[in-house]
Amino acid sequence: GLSQYDGIVFSDDGNRVAYSRHDAGQDTVFIADSDGQNEVKLIQSTEVKGFGFLPESRLGVVTKKEMITYDAKTGTKGDVVTWKEPLNLRSFGGFSPDGSVFIFDDGGPYHLSLHHMDMKTQKATTVKK
């Protein structure tokens, strides 16, 4: 039942994993121990466009409208950053190892643009068209 598009993301220490399941047009993001035990459901949405582990034992989940952080051990919801404008995300994006950048693409199906978003300033810069 795992989403083939999102993959499985391991925490830096390898003790936790994040993954999603796709069902009836919605993605549900989970975290669990690396052996699959202690699964915690974080969010269910039609707009999940990326997730990844961040510093300080957090997991960030990006949607077109916001990024929500969760405690990577307990699943407790943390900060919510609402984008100044909704992102035109085409497919799954990803975080840099330090969590300061989110990379995503838009366009398609044959002409894509790759964007770099600075998470502090929320400024998206086109890297390549």
# chains A, B, ... in the order shown; residues from 1 in each chain; ligands from 1
$ select_by_dssp --residues "region 30-128 of chain A" --states "strand (DSSP E or B)" --output "MDAnalysis selection string"
chainID A and resid 30:33 40:45 48:54 58:63 66:71 77:82 93:95 101:107 112:118 123:128
$ residues_around --residues "Gly93 (chain A)" --least-positions-apart "3" --cutoff "12 Å" --atoms "only C-alpha atoms" --output "PDB file with all heavy atoms, in the first residue's frame"
ATOM      1  N   TYR A   5       5.299   6.742  -5.765  1.00  0.00           N
ATOM      2  CA  TYR A   5       5.831   8.036  -6.185  1.00  0.00           C
ATOM      3  C   TYR A   5       6.628   8.723  -5.091  1.00  0.00           C
ATOM      4  O   TYR A   5       7.559   9.463  -5.364  1.00  0.00           O
ATOM      5  CB  TYR A   5       4.690   8.953  -6.634  1.00  0.00           C
ATOM      6  CG  TYR A   5       3.924   8.396  -7.786  1.00  0.00           C
ATOM      7  CD1 TYR A   5       2.637   7.906  -7.602  1.00  0.00           C
ATOM      8  CD2 TYR A   5       4.485   8.320  -9.053  1.00  0.00           C
ATOM      9  CE1 TYR A   5       1.929   7.371  -8.661  1.00  0.00           C
ATOM     10  CE2 TYR A   5       3.781   7.778 -10.115  1.00  0.00           C
ATOM     11  CZ  TYR A   5       2.509   7.314  -9.915  1.00  0.00           C
ATOM     12  OH  TYR A   5       1.817   6.776 -10.951  1.00  0.00           O
ATOM     13  N   ASP A   6       6.257   8.516  -3.841  1.00  0.00           N
ATOM     14  CA  ASP A   6       6.869   9.247  -2.745  1.00  0.00           C
ATOM     15  C   ASP A   6       8.089   8.572  -2.157  1.00  0.00           C
ATOM     16  O   ASP A   6       8.955   9.222  -1.607  1.00  0.00           O
ATOM     17  CB  ASP A   6       5.847   9.476  -1.635  1.00  0.00           C
ATOM     18  CG  ASP A   6       4.646  10.257  -2.115  1.00  0.00           C
ATOM     19  OD1 ASP A   6       4.713  10.849  -3.205  1.00  0.00           O
ATOM     20  OD2 ASP A   6       3.635  10.256  -1.413  1.00  0.00           O
ATOM     21  N   GLY A   7       8.148   7.267  -2.230  1.00  0.00           N
ATOM     22  CA  GLY A   7       9.288   6.558  -1.680  1.00  0.00           C
ATOM     23  C   GLY A   7       9.259   6.486  -0.164  1.00  0.00           C
ATOM     24  O   GLY A   7       8.295   6.849   0.488  1.00  0.00           O
ATOM     25  N   VAL A  48      -0.425  16.675  -0.653  1.00  0.00           N
ATOM     26  CA  VAL A  48       0.926  16.374  -0.177  1.00  0.00           C
ATOM     27  C   VAL A  48       1.870  16.352  -1.372  1.00  0.00           C
ATOM     28  O   VAL A  48       1.639  15.644  -2.343  1.00  0.00           O
ATOM     29  CB  VAL A  48       0.983  15.037   0.584  1.00  0.00           C
ATOM     30  CG1 VAL A  48       2.425  14.642   0.884  1.00  0.00           C
ATOM     31  CG2 VAL A  48       0.177  15.122   1.866  1.00  0.00           C
ATOM     32  N   LYS A  49       2.939  17.148  -1.297  1.00  0.00           N
ATOM     33  CA  LYS A  49       3.880  17.240  -2.405  1.00  0.00           C
ATOM     34  C   LYS A  49       5.319  16.980  -1.982  1.00  0.00           C
ATOM     35  O   LYS A  49       6.239  17.163  -2.756  1.00  0.00           O
ATOM     36  CB  LYS A  49       3.784  18.613  -3.069  1.00  0.00           C
ATOM     37  CG  LYS A  49       2.471  18.835  -3.778  1.00  0.00           C
ATOM     38  CD  LYS A  49       2.329  17.862  -4.925  1.00  0.00           C
ATOM     39  CE  LYS A  49       1.036  18.064  -5.672  1.00  0.00           C
ATOM     40  NZ  LYS A  49       0.891  17.157  -6.793  1.00  0.00           N
ATOM     41  N   GLY A  50       5.516  16.558  -0.781  1.00  0.00           N
ATOM     42  CA  GLY A  50       6.858  16.218  -0.330  1.00  0.00           C
ATOM     43  C   GLY A  50       6.920  16.103   1.178  1.00  0.00           C
ATOM     44  O   GLY A  50       6.112  16.695   1.886  1.00  0.00           O
ATOM     45  N   PHE A  51       7.869  15.317   1.645  1.00  0.00           N
ATOM     46  CA  PHE A  51       8.122  15.219   3.075  1.00  0.00           C
ATOM     47  C   PHE A  51       9.555  14.772   3.266  1.00  0.00           C
ATOM     48  O   PHE A  51      10.161  14.179   2.378  1.00  0.00           O
ATOM     49  CB  PHE A  51       7.140  14.271   3.780  1.00  0.00           C
ATOM     50  CG  PHE A  51       7.077  12.883   3.214  1.00  0.00           C
ATOM     51  CD1 PHE A  51       7.989  11.917   3.585  1.00  0.00           C
ATOM     52  CD2 PHE A  51       6.089  12.542   2.311  1.00  0.00           C
ATOM     53  CE1 PHE A  51       7.926  10.634   3.061  1.00  0.00           C
ATOM     54  CE2 PHE A  51       6.004  11.269   1.788  1.00  0.00           C
ATOM     55  CZ  PHE A  51       6.932  10.308   2.163  1.00  0.00           C
ATOM     56  N   GLY A  52      10.094  15.109   4.407  1.00  0.00           N
ATOM     57  CA  GLY A  52      11.460  14.707   4.705  1.00  0.00           C
ATOM     58  C   GLY A  52      11.833  15.062   6.123  1.00  0.00           C
ATOM     59  O   GLY A  52      11.201  15.912   6.757  1.00  0.00           O
ATOM     60  N   GLY A  60       9.138  17.379   8.044  1.00  0.00           N
ATOM     61  CA  GLY A  60       8.369  18.413   7.359  1.00  0.00           C
ATOM     62  C   GLY A  60       7.534  17.796   6.265  1.00  0.00           C
ATOM     63  O   GLY A  60       8.014  16.944   5.513  1.00  0.00           O
ATOM     64  N   VAL A  61       6.273  18.201   6.185  1.00  0.00           N
ATOM     65  CA  VAL A  61       5.367  17.763   5.125  1.00  0.00           C
ATOM     66  C   VAL A  61       4.947  19.014   4.356  1.00  0.00           C
ATOM     67  O   VAL A  61       4.422  19.965   4.942  1.00  0.00           O
ATOM     68  CB  VAL A  61       4.125  17.037   5.684  1.00  0.00           C
ATOM     69  CG1 VAL A  61       3.183  16.652   4.553  1.00  0.00           C
ATOM     70  CG2 VAL A  61       4.537  15.810   6.480  1.00  0.00           C
ATOM     71  N   VAL A  62       5.198  19.006   3.037  1.00  0.00           N
ATOM     72  CA  VAL A  62       4.896  20.160   2.199  1.00  0.00           C
ATOM     73  C   VAL A  62       3.646  19.892   1.375  1.00  0.00           C
ATOM     74  O   VAL A  62       3.501  18.829   0.768  1.00  0.00           O
ATOM     75  CB  VAL A  62       6.092  20.474   1.264  1.00  0.00           C
ATOM     76  CG1 VAL A  62       5.738  21.556   0.257  1.00  0.00           C
ATOM     77  CG2 VAL A  62       7.296  20.890   2.089  1.00  0.00           C
ATOM     78  N   THR A  63       2.745  20.877   1.361  1.00  0.00           N
ATOM     79  CA  THR A  63       1.575  20.865   0.483  1.00  0.00           C
ATOM     80  C   THR A  63       1.660  22.099  -0.405  1.00  0.00           C
ATOM     81  O   THR A  63       2.577  22.906  -0.259  1.00  0.00           O
ATOM     82  CB  THR A  63       0.251  20.898   1.278  1.00  0.00           C
ATOM     83  OG1 THR A  63       0.079  22.183   1.853  1.00  0.00           O
ATOM     84  CG2 THR A  63       0.209  19.811   2.339  1.00  0.00           C
ATOM     85  N   LYS A  64       0.714  22.265  -1.281  1.00  0.00           N
ATOM     86  CA  LYS A  64       0.709  23.443  -2.147  1.00  0.00           C
ATOM     87  C   LYS A  64       0.553  24.730  -1.348  1.00  0.00           C
ATOM     88  O   LYS A  64       0.995  25.791  -1.771  1.00  0.00           O
ATOM     89  CB  LYS A  64      -0.428  23.356  -3.167  1.00  0.00           C
ATOM     90  CG  LYS A  64      -0.217  22.288  -4.197  1.00  0.00           C
ATOM     91  CD  LYS A  64      -1.347  22.278  -5.204  1.00  0.00           C
ATOM     92  CE  LYS A  64      -1.074  21.231  -6.265  1.00  0.00           C
ATOM     93  NZ  LYS A  64      -2.053  21.299  -7.349  1.00  0.00           N
ATOM     94  N   LEU A  87       2.036  27.089  -3.975  1.00  0.00           N
ATOM     95  CA  LEU A  87       3.073  26.603  -4.878  1.00  0.00           C
ATOM     96  C   LEU A  87       2.446  25.800  -6.008  1.00  0.00           C
ATOM     97  O   LEU A  87       1.524  25.020  -5.779  1.00  0.00           O
ATOM     98  CB  LEU A  87       4.055  25.709  -4.124  1.00  0.00           C
ATOM     99  CG  LEU A  87       4.836  26.344  -2.991  1.00  0.00           C
ATOM    100  CD1 LEU A  87       5.732  25.300  -2.336  1.00  0.00           C
ATOM    101  CD2 LEU A  87       5.660  27.522  -3.475  1.00  0.00           C
ATOM    102  N   ASN A  88       2.962  25.976  -7.193  1.00  0.00           N
ATOM    103  CA  ASN A  88       2.494  25.214  -8.345  1.00  0.00           C
ATOM    104  C   ASN A  88       3.380  23.979  -8.484  1.00  0.00           C
ATOM    105  O   ASN A  88       4.214  23.901  -9.373  1.00  0.00           O
ATOM    106  CB  ASN A  88       2.539  26.074  -9.606  1.00  0.00           C
ATOM    107  CG  ASN A  88       1.936  25.360 -10.791  1.00  0.00           C
ATOM    108  OD1 ASN A  88       1.110  24.476 -10.633  1.00  0.00           O
ATOM    109  ND2 ASN A  88       2.360  25.730 -11.976  1.00  0.00           N
ATOM    110  N   LEU A  89       3.203  23.050  -7.591  1.00  0.00           N
ATOM    111  CA  LEU A  89       4.015  21.842  -7.562  1.00  0.00           C
ATOM    112  C   LEU A  89       3.440  20.803  -8.501  1.00  0.00           C
ATOM    113  O   LEU A  89       2.247  20.535  -8.482  1.00  0.00           O
ATOM    114  CB  LEU A  89       4.054  21.252  -6.151  1.00  0.00           C
ATOM    115  CG  LEU A  89       4.651  22.140  -5.076  1.00  0.00           C
ATOM    116  CD1 LEU A  89       4.193  21.664  -3.716  1.00  0.00           C
ATOM    117  CD2 LEU A  89       6.145  22.138  -5.153  1.00  0.00           C
ATOM    118  N   ARG A  90       4.293  20.197  -9.309  1.00  0.00           N
ATOM    119  CA  ARG A  90       3.851  19.146 -10.220  1.00  0.00           C
ATOM    120  C   ARG A  90       3.930  17.779  -9.565  1.00  0.00           C
ATOM    121  O   ARG A  90       3.041  16.967  -9.659  1.00  0.00           O
ATOM    122  CB  ARG A  90       4.700  19.157 -11.484  1.00  0.00           C
ATOM    123  CG  ARG A  90       4.349  18.052 -12.446  1.00  0.00           C
ATOM    124  CD  ARG A  90       5.236  18.138 -13.684  1.00  0.00           C
ATOM    125  NE  ARG A  90       4.978  17.014 -14.540  1.00  0.00           N
ATOM    126  CZ  ARG A  90       5.612  15.856 -14.486  1.00  0.00           C
ATOM    127  NH1 ARG A  90       6.562  15.676 -13.610  1.00  0.00           N
ATOM    128  NH2 ARG A  90       5.317  14.880 -15.288  1.00  0.00           N
ATOM    129  N   SER A  96      16.717  19.586   1.463  1.00  0.00           N
ATOM    130  CA  SER A  96      18.162  19.434   1.612  1.00  0.00           C
ATOM    131  C   SER A  96      18.414  18.787   2.976  1.00  0.00           C
ATOM    132  O   SER A  96      17.540  18.819   3.849  1.00  0.00           O
ATOM    133  CB  SER A  96      18.850  20.802   1.518  1.00  0.00           C
ATOM    134  OG  SER A  96      18.424  21.639   2.581  1.00  0.00           O
ATOM    135  N   VAL A 101      16.367  24.094   2.406  1.00  0.00           N
ATOM    136  CA  VAL A 101      15.942  24.226   1.011  1.00  0.00           C
ATOM    137  C   VAL A 101      14.951  23.119   0.679  1.00  0.00           C
ATOM    138  O   VAL A 101      15.103  21.980   1.120  1.00  0.00           O
ATOM    139  CB  VAL A 101      17.162  24.123   0.065  1.00  0.00           C
ATOM    140  CG1 VAL A 101      16.740  24.066  -1.391  1.00  0.00           C
ATOM    141  CG2 VAL A 101      18.120  25.270   0.304  1.00  0.00           C
ATOM    142  N   PHE A 102      13.937  23.478  -0.103  1.00  0.00           N
ATOM    143  CA  PHE A 102      13.007  22.503  -0.653  1.00  0.00           C
ATOM    144  C   PHE A 102      13.077  22.637  -2.171  1.00  0.00           C
ATOM    145  O   PHE A 102      12.934  23.730  -2.708  1.00  0.00           O
ATOM    146  CB  PHE A 102      11.581  22.750  -0.156  1.00  0.00           C
ATOM    147  CG  PHE A 102      10.593  21.704  -0.595  1.00  0.00           C
ATOM    148  CD1 PHE A 102      10.609  20.446  -0.018  1.00  0.00           C
ATOM    149  CD2 PHE A 102       9.658  21.974  -1.579  1.00  0.00           C
ATOM    150  CE1 PHE A 102       9.696  19.471  -0.414  1.00  0.00           C
ATOM    151  CE2 PHE A 102       8.745  21.012  -1.980  1.00  0.00           C
ATOM    152  CZ  PHE A 102       8.764  19.758  -1.393  1.00  0.00           C
ATOM    153  N   ILE A 103      13.339  21.537  -2.860  1.00  0.00           N
ATOM    154  CA  ILE A 103      13.435  21.518  -4.323  1.00  0.00           C
ATOM    155  C   ILE A 103      12.156  20.901  -4.872  1.00  0.00           C
ATOM    156  O   ILE A 103      11.696  19.877  -4.377  1.00  0.00           O
ATOM    157  CB  ILE A 103      14.648  20.679  -4.791  1.00  0.00           C
ATOM    158  CG1 ILE A 103      15.948  21.255  -4.258  1.00  0.00           C
ATOM    159  CG2 ILE A 103      14.678  20.547  -6.298  1.00  0.00           C
ATOM    160  CD1 ILE A 103      16.376  22.552  -4.888  1.00  0.00           C
ATOM    161  N   PHE A 104      11.572  21.539  -5.904  1.00  0.00           N
ATOM    162  CA  PHE A 104      10.361  20.998  -6.515  1.00  0.00           C
ATOM    163  C   PHE A 104      10.328  21.355  -7.992  1.00  0.00           C
ATOM    164  O   PHE A 104      11.087  22.199  -8.457  1.00  0.00           O
ATOM    165  CB  PHE A 104       9.104  21.517  -5.803  1.00  0.00           C
ATOM    166  CG  PHE A 104       8.897  23.000  -5.895  1.00  0.00           C
ATOM    167  CD1 PHE A 104       8.074  23.536  -6.876  1.00  0.00           C
ATOM    168  CD2 PHE A 104       9.508  23.860  -4.998  1.00  0.00           C
ATOM    169  CE1 PHE A 104       7.865  24.906  -6.966  1.00  0.00           C
ATOM    170  CE2 PHE A 104       9.308  25.227  -5.074  1.00  0.00           C
ATOM    171  CZ  PHE A 104       8.481  25.754  -6.065  1.00  0.00           C
ATOM    172  N   ASP A 105       9.440  20.678  -8.720  1.00  0.00           N
ATOM    173  CA  ASP A 105       9.296  20.982 -10.141  1.00  0.00           C
ATOM    174  C   ASP A 105       7.857  21.355 -10.447  1.00  0.00           C
ATOM    175  O   ASP A 105       6.946  21.103  -9.677  1.00  0.00           O
ATOM    176  CB  ASP A 105       9.780  19.839 -11.026  1.00  0.00           C
ATOM    177  CG  ASP A 105       8.936  18.577 -10.904  1.00  0.00           C
ATOM    178  OD1 ASP A 105       7.979  18.564 -10.120  1.00  0.00           O
ATOM    179  OD2 ASP A 105       9.235  17.600 -11.597  1.00  0.00           O
ATOM    180  N   ASP A 106       7.677  22.016 -11.606  1.00  0.00           N
ATOM    181  CA  ASP A 106       6.337  22.309 -12.103  1.00  0.00           C
ATOM    182  C   ASP A 106       6.359  22.217 -13.620  1.00  0.00           C
ATOM    183  O   ASP A 106       7.407  22.052 -14.234  1.00  0.00           O
ATOM    184  CB  ASP A 106       5.818  23.663 -11.616  1.00  0.00           C
ATOM    185  CG  ASP A 106       6.535  24.856 -12.231  1.00  0.00           C
ATOM    186  OD1 ASP A 106       7.453  24.674 -13.049  1.00  0.00           O
ATOM    187  OD2 ASP A 106       6.164  25.986 -11.904  1.00  0.00           O
ATOM    188  N   LEU A 114      12.667  23.333 -12.696  1.00  0.00           N
ATOM    189  CA  LEU A 114      13.125  22.927 -11.372  1.00  0.00           C
ATOM    190  C   LEU A 114      13.304  24.184 -10.532  1.00  0.00           C
ATOM    191  O   LEU A 114      13.917  25.152 -10.983  1.00  0.00           O
ATOM    192  CB  LEU A 114      14.451  22.163 -11.480  1.00  0.00           C
ATOM    193  CG  LEU A 114      15.028  21.614 -10.193  1.00  0.00           C
ATOM    194  CD1 LEU A 114      14.101  20.545  -9.605  1.00  0.00           C
ATOM    195  CD2 LEU A 114      16.409  21.028 -10.448  1.00  0.00           C
ATOM    196  N   HIS A 115      12.760  24.171  -9.312  1.00  0.00           N
ATOM    197  CA  HIS A 115      12.796  25.347  -8.438  1.00  0.00           C
ATOM    198  C   HIS A 115      13.477  25.023  -7.115  1.00  0.00           C
ATOM    199  O   HIS A 115      13.375  23.905  -6.605  1.00  0.00           O
ATOM    200  CB  HIS A 115      11.379  25.849  -8.159  1.00  0.00           C
ATOM    201  CG  HIS A 115      10.613  26.179  -9.391  1.00  0.00           C
ATOM    202  ND1 HIS A 115      10.771  27.354 -10.078  1.00  0.00           N
ATOM    203  CD2 HIS A 115       9.698  25.465 -10.074  1.00  0.00           C
ATOM    204  CE1 HIS A 115       9.967  27.363 -11.126  1.00  0.00           C
ATOM    205  NE2 HIS A 115       9.308  26.217 -11.149  1.00  0.00           N
ATOM    206  N   HIS A 116      14.122  26.020  -6.570  1.00  0.00           N
ATOM    207  CA  HIS A 116      14.835  25.971  -5.298  1.00  0.00           C
ATOM    208  C   HIS A 116      14.128  26.950  -4.372  1.00  0.00           C
ATOM    209  O   HIS A 116      14.046  28.134  -4.679  1.00  0.00           O
ATOM    210  CB  HIS A 116      16.288  26.396  -5.566  1.00  0.00           C
ATOM    211  CG  HIS A 116      17.107  26.659  -4.375  1.00  0.00           C
ATOM    212  ND1 HIS A 116      17.035  27.816  -3.637  1.00  0.00           N
ATOM    213  CD2 HIS A 116      18.073  25.919  -3.805  1.00  0.00           C
ATOM    214  CE1 HIS A 116      17.923  27.776  -2.672  1.00  0.00           C
ATOM    215  NE2 HIS A 116      18.557  26.637  -2.741  1.00  0.00           N
ATOM    216  N   MET A 117      13.566  26.460  -3.249  1.00  0.00           N
ATOM    217  CA  MET A 117      12.905  27.364  -2.314  1.00  0.00           C
ATOM    218  C   MET A 117      13.704  27.462  -1.029  1.00  0.00           C
ATOM    219  O   MET A 117      13.969  26.453  -0.373  1.00  0.00           O
ATOM    220  CB  MET A 117      11.493  26.909  -1.976  1.00  0.00           C
ATOM    221  CG  MET A 117      10.864  27.831  -0.914  1.00  0.00           C
ATOM    222  SD  MET A 117       9.276  27.315  -0.353  1.00  0.00           S
ATOM    223  CE  MET A 117       8.275  28.059  -1.599  1.00  0.00           C
TER     224      MET A 117
END
$ atom_distance --atom1 "CA of Leu112 (chain A)" --atom2 "CA of Thr69 (chain A)"
27.7 Å
$ residues_around --residues "region 20-28 of chain A" --least-positions-apart "2" --cutoff "8 Å" --atoms "only C-alpha atoms" --output "list in words"
Gly1, Leu2, Ser3, Asp6, Gly7, Ile8, Ala18, Phe30, Lys41, Leu42, Ile43, Gln44, Ser45, Thr46, Glu47 and Val48 of chain A
$ write_last_selection --atoms "N, CA and C atoms" --output "CSV table (one decimal), in the first residue's frame"
chain,number,residue,atom,x,y,z
A,1,GLY,N,0.8,-1.2,0.0
A,1,GLY,CA,0.0,0.0,0.0
A,1,GLY,C,0.8,1.3,0.0
A,2,LEU,N,2.1,1.2,-0.1
A,2,LEU,CA,3.0,2.4,-0.1
A,2,LEU,C,2.8,3.1,-1.4
A,3,SER,N,2.9,4.4,-1.4
A,3,SER,CA,2.9,5.2,-2.6
A,3,SER,C,4.2,5.0,-3.4
A,6,ASP,N,6.3,8.5,-3.8
A,6,ASP,CA,6.9,9.2,-2.7
A,6,ASP,C,8.1,8.6,-2.2
A,7,GLY,N,8.1,7.3,-2.2
A,7,GLY,CA,9.3,6.6,-1.7
A,7,GLY,C,9.3,6.5,-0.2
A,8,ILE,N,10.4,6.0,0.4
A,8,ILE,CA,10.5,5.9,1.8
A,8,ILE,C,11.8,6.7,2.2
A,18,ALA,N,9.8,7.6,7.1
A,18,ALA,CA,8.5,8.3,6.7
A,18,ALA,C,8.1,7.8,5.4
A,30,PHE,N,2.9,8.8,7.0
A,30,PHE,CA,3.2,8.1,8.3
A,30,PHE,C,4.6,8.2,8.7
A,41,LYS,N,0.2,8.0,12.1
A,41,LYS,CA,-0.4,8.7,11.0
A,41,LYS,C,-0.3,10.2,11.2
A,42,LEU,N,0.3,10.9,10.3
A,42,LEU,CA,0.5,12.4,10.4
A,42,LEU,C,-0.5,13.2,9.7
A,43,ILE,N,-0.8,13.0,8.5
A,43,ILE,CA,-1.7,13.9,7.7
A,43,ILE,C,-2.2,13.1,6.5
A,44,GLN,N,-3.5,13.4,6.2
A,44,GLN,CA,-4.1,12.8,5.0
A,44,GLN,C,-4.6,14.0,4.2
A,45,SER,N,-4.2,14.1,2.9
A,45,SER,CA,-4.5,15.3,2.1
A,45,SER,C,-4.4,14.9,0.6
A,46,THR,N,-5.1,15.7,-0.2
A,46,THR,CA,-4.9,15.5,-1.7
A,46,THR,C,-3.7,16.4,-2.2
A,47,GLU,N,-3.1,17.2,-1.3
A,47,GLU,CA,-2.1,18.1,-1.7
A,47,GLU,C,-0.7,17.9,-1.2
A,48,VAL,N,-0.4,16.7,-0.7
A,48,VAL,CA,0.9,16.4,-0.2
A,48,VAL,C,1.9,16.4,-1.4
$ closest_residue --among "A:Lys128, A:Tyr19, A:Asp118, A:Glu56" --to "Lys73 (chain A)" --atoms "only C-alpha atoms"
A:Glu56
$ residues_around --residues "Ser34 (chain A)" --least-positions-apart "5" --cutoff "10 Å" --atoms "only C-alpha atoms" --output "number ranges by chain"
A: 9-11, 14-18, 39
$ write_last_selection --atoms "N, CA, C and O atoms" --output "PDB file, in the first residue's frame"
ATOM      1  N   VAL A   9      11.616   7.549   3.209  1.00  0.00           N
ATOM      2  CA  VAL A   9      12.691   8.434   3.631  1.00  0.00           C
ATOM      3  C   VAL A   9      13.158   8.006   5.017  1.00  0.00           C
ATOM      4  O   VAL A   9      12.337   7.834   5.920  1.00  0.00           O
ATOM      5  N   PHE A  10      14.461   7.822   5.174  1.00  0.00           N
ATOM      6  CA  PHE A  10      15.034   7.460   6.472  1.00  0.00           C
ATOM      7  C   PHE A  10      15.542   8.695   7.200  1.00  0.00           C
ATOM      8  O   PHE A  10      16.082   9.607   6.581  1.00  0.00           O
ATOM      9  N   SER A  11      15.402   8.698   8.516  1.00  0.00           N
ATOM     10  CA  SER A  11      15.999   9.752   9.332  1.00  0.00           C
ATOM     11  C   SER A  11      17.517   9.609   9.267  1.00  0.00           C
ATOM     12  O   SER A  11      18.040   8.557   8.878  1.00  0.00           O
ATOM     13  N   GLY A  14      18.834   6.661  10.942  1.00  0.00           N
ATOM     14  CA  GLY A  14      18.320   5.393  10.437  1.00  0.00           C
ATOM     15  C   GLY A  14      17.298   4.716  11.326  1.00  0.00           C
ATOM     16  O   GLY A  14      16.849   3.615  11.026  1.00  0.00           O
ATOM     17  N   ASN A  15      16.905   5.373  12.419  1.00  0.00           N
ATOM     18  CA  ASN A  15      15.971   4.757  13.357  1.00  0.00           C
ATOM     19  C   ASN A  15      14.504   4.964  13.013  1.00  0.00           C
ATOM     20  O   ASN A  15      13.645   4.259  13.529  1.00  0.00           O
ATOM     21  N   ARG A  16      14.194   5.956  12.176  1.00  0.00           N
ATOM     22  CA  ARG A  16      12.812   6.265  11.822  1.00  0.00           C
ATOM     23  C   ARG A  16      12.676   6.307  10.304  1.00  0.00           C
ATOM     24  O   ARG A  16      13.636   6.591   9.586  1.00  0.00           O
ATOM     25  N   VAL A  17      11.478   6.033   9.821  1.00  0.00           N
ATOM     26  CA  VAL A  17      11.170   6.141   8.395  1.00  0.00           C
ATOM     27  C   VAL A  17       9.883   6.945   8.234  1.00  0.00           C
ATOM     28  O   VAL A  17       9.030   6.967   9.123  1.00  0.00           O
ATOM     29  N   ALA A  18       9.776   7.615   7.095  1.00  0.00           N
ATOM     30  CA  ALA A  18       8.545   8.302   6.714  1.00  0.00           C
ATOM     31  C   ALA A  18       8.146   7.760   5.354  1.00  0.00           C
ATOM     32  O   ALA A  18       9.000   7.473   4.516  1.00  0.00           O
ATOM     33  N   GLU A  39       3.895   2.736  14.174  1.00  0.00           N
ATOM     34  CA  GLU A  39       3.457   3.613  13.088  1.00  0.00           C
ATOM     35  C   GLU A  39       2.532   4.710  13.625  1.00  0.00           C
ATOM     36  O   GLU A  39       1.654   4.452  14.441  1.00  0.00           O
TER      37      GLU A  39
END
$ residues_around --residues "Lys120 (chain A)" --least-positions-apart "4" --cutoff "12 Å" --atoms "only C-alpha atoms" --output "MDAnalysis selection string"
chainID A and resid 67 81:83 99:102 124
$ atom_distance --atom1 "CA of Ile68 (chain A)" --atom2 "CA of Phe53 (chain A)"
11.8 Å
$ residues_around --residues "Asp71 (chain A)" --least-positions-apart "5" --cutoff "9 Å" --atoms "only C-alpha atoms" --output "ChimeraX atom specification"
/A:56-59,76-78
$ closest_residue --among "A:Gly75, A:Val29, A:Lys129, A:Asp12" --to "Asp98 (chain A)" --atoms "only C-alpha atoms"
A:Asp12
$ decode --residues "region 61-74 of chain A" --atoms "N, CA and C atoms" --output "mmCIF file, in the first residue's frame"
data_model
loop_
_atom_site.group_PDB
_atom_site.id
_atom_site.type_symbol
_atom_site.label_atom_id
_atom_site.label_comp_id
_atom_site.auth_asym_id
_atom_site.auth_seq_id
_atom_site.Cartn_x
_atom_site.Cartn_y
_atom_site.Cartn_z
ATOM 1 N N VAL A 61 6.273 18.201 6.185
ATOM 2 C CA VAL A 61 5.367 17.763 5.125
ATOM 3 C C VAL A 61 4.947 19.014 4.356
ATOM 4 N N VAL A 62 5.198 19.006 3.037
ATOM 5 C CA VAL A 62 4.896 20.160 2.199
ATOM 6 C C VAL A 62 3.646 19.892 1.375
ATOM 7 N N THR A 63 2.745 20.877 1.361
ATOM 8 C CA THR A 63 1.575 20.865 0.483
ATOM 9 C C THR A 63 1.660 22.099 -0.405
ATOM 10 N N LYS A 64 0.714 22.265 -1.281
ATOM 11 C CA LYS A 64 0.709 23.443 -2.147
ATOM 12 C C LYS A 64 0.553 24.730 -1.348
ATOM 13 N N LYS A 65 -0.057 24.650 -0.167
ATOM 14 C CA LYS A 65 -0.368 25.844 0.611
ATOM 15 C C LYS A 65 0.517 26.087 1.821
ATOM 16 N N GLU A 66 1.224 25.025 2.306
ATOM 17 C CA GLU A 66 1.947 25.187 3.565
ATOM 18 C C GLU A 66 2.953 24.066 3.801
ATOM 19 N N MET A 67 3.773 24.261 4.824
ATOM 20 C CA MET A 67 4.618 23.195 5.336
ATOM 21 C C MET A 67 4.254 23.015 6.805
ATOM 22 N N ILE A 68 4.027 21.762 7.179
ATOM 23 C CA ILE A 68 3.693 21.433 8.558
ATOM 24 C C ILE A 68 4.829 20.585 9.100
ATOM 25 N N THR A 69 5.312 20.914 10.293
ATOM 26 C CA THR A 69 6.339 20.089 10.917
ATOM 27 C C THR A 69 5.698 19.208 11.989
ATOM 28 N N TYR A 70 6.312 18.050 12.171
ATOM 29 C CA TYR A 70 5.862 17.085 13.172
ATOM 30 C C TYR A 70 7.075 16.582 13.939
ATOM 31 N N ASP A 71 6.880 16.242 15.197
ATOM 32 C CA ASP A 71 7.926 15.592 15.963
ATOM 33 C C ASP A 71 8.117 14.204 15.360
ATOM 34 N N ALA A 72 9.332 13.885 14.968
ATOM 35 C CA ALA A 72 9.602 12.630 14.257
ATOM 36 C C ALA A 72 9.488 11.400 15.149
ATOM 37 N N LYS A 73 9.435 11.570 16.443
ATOM 38 C CA LYS A 73 9.301 10.432 17.343
ATOM 39 C C LYS A 73 7.850 10.205 17.769
ATOM 40 N N THR A 74 7.138 11.294 18.052
ATOM 41 C CA THR A 74 5.783 11.163 18.589
ATOM 42 C C THR A 74 4.686 11.461 17.561
#
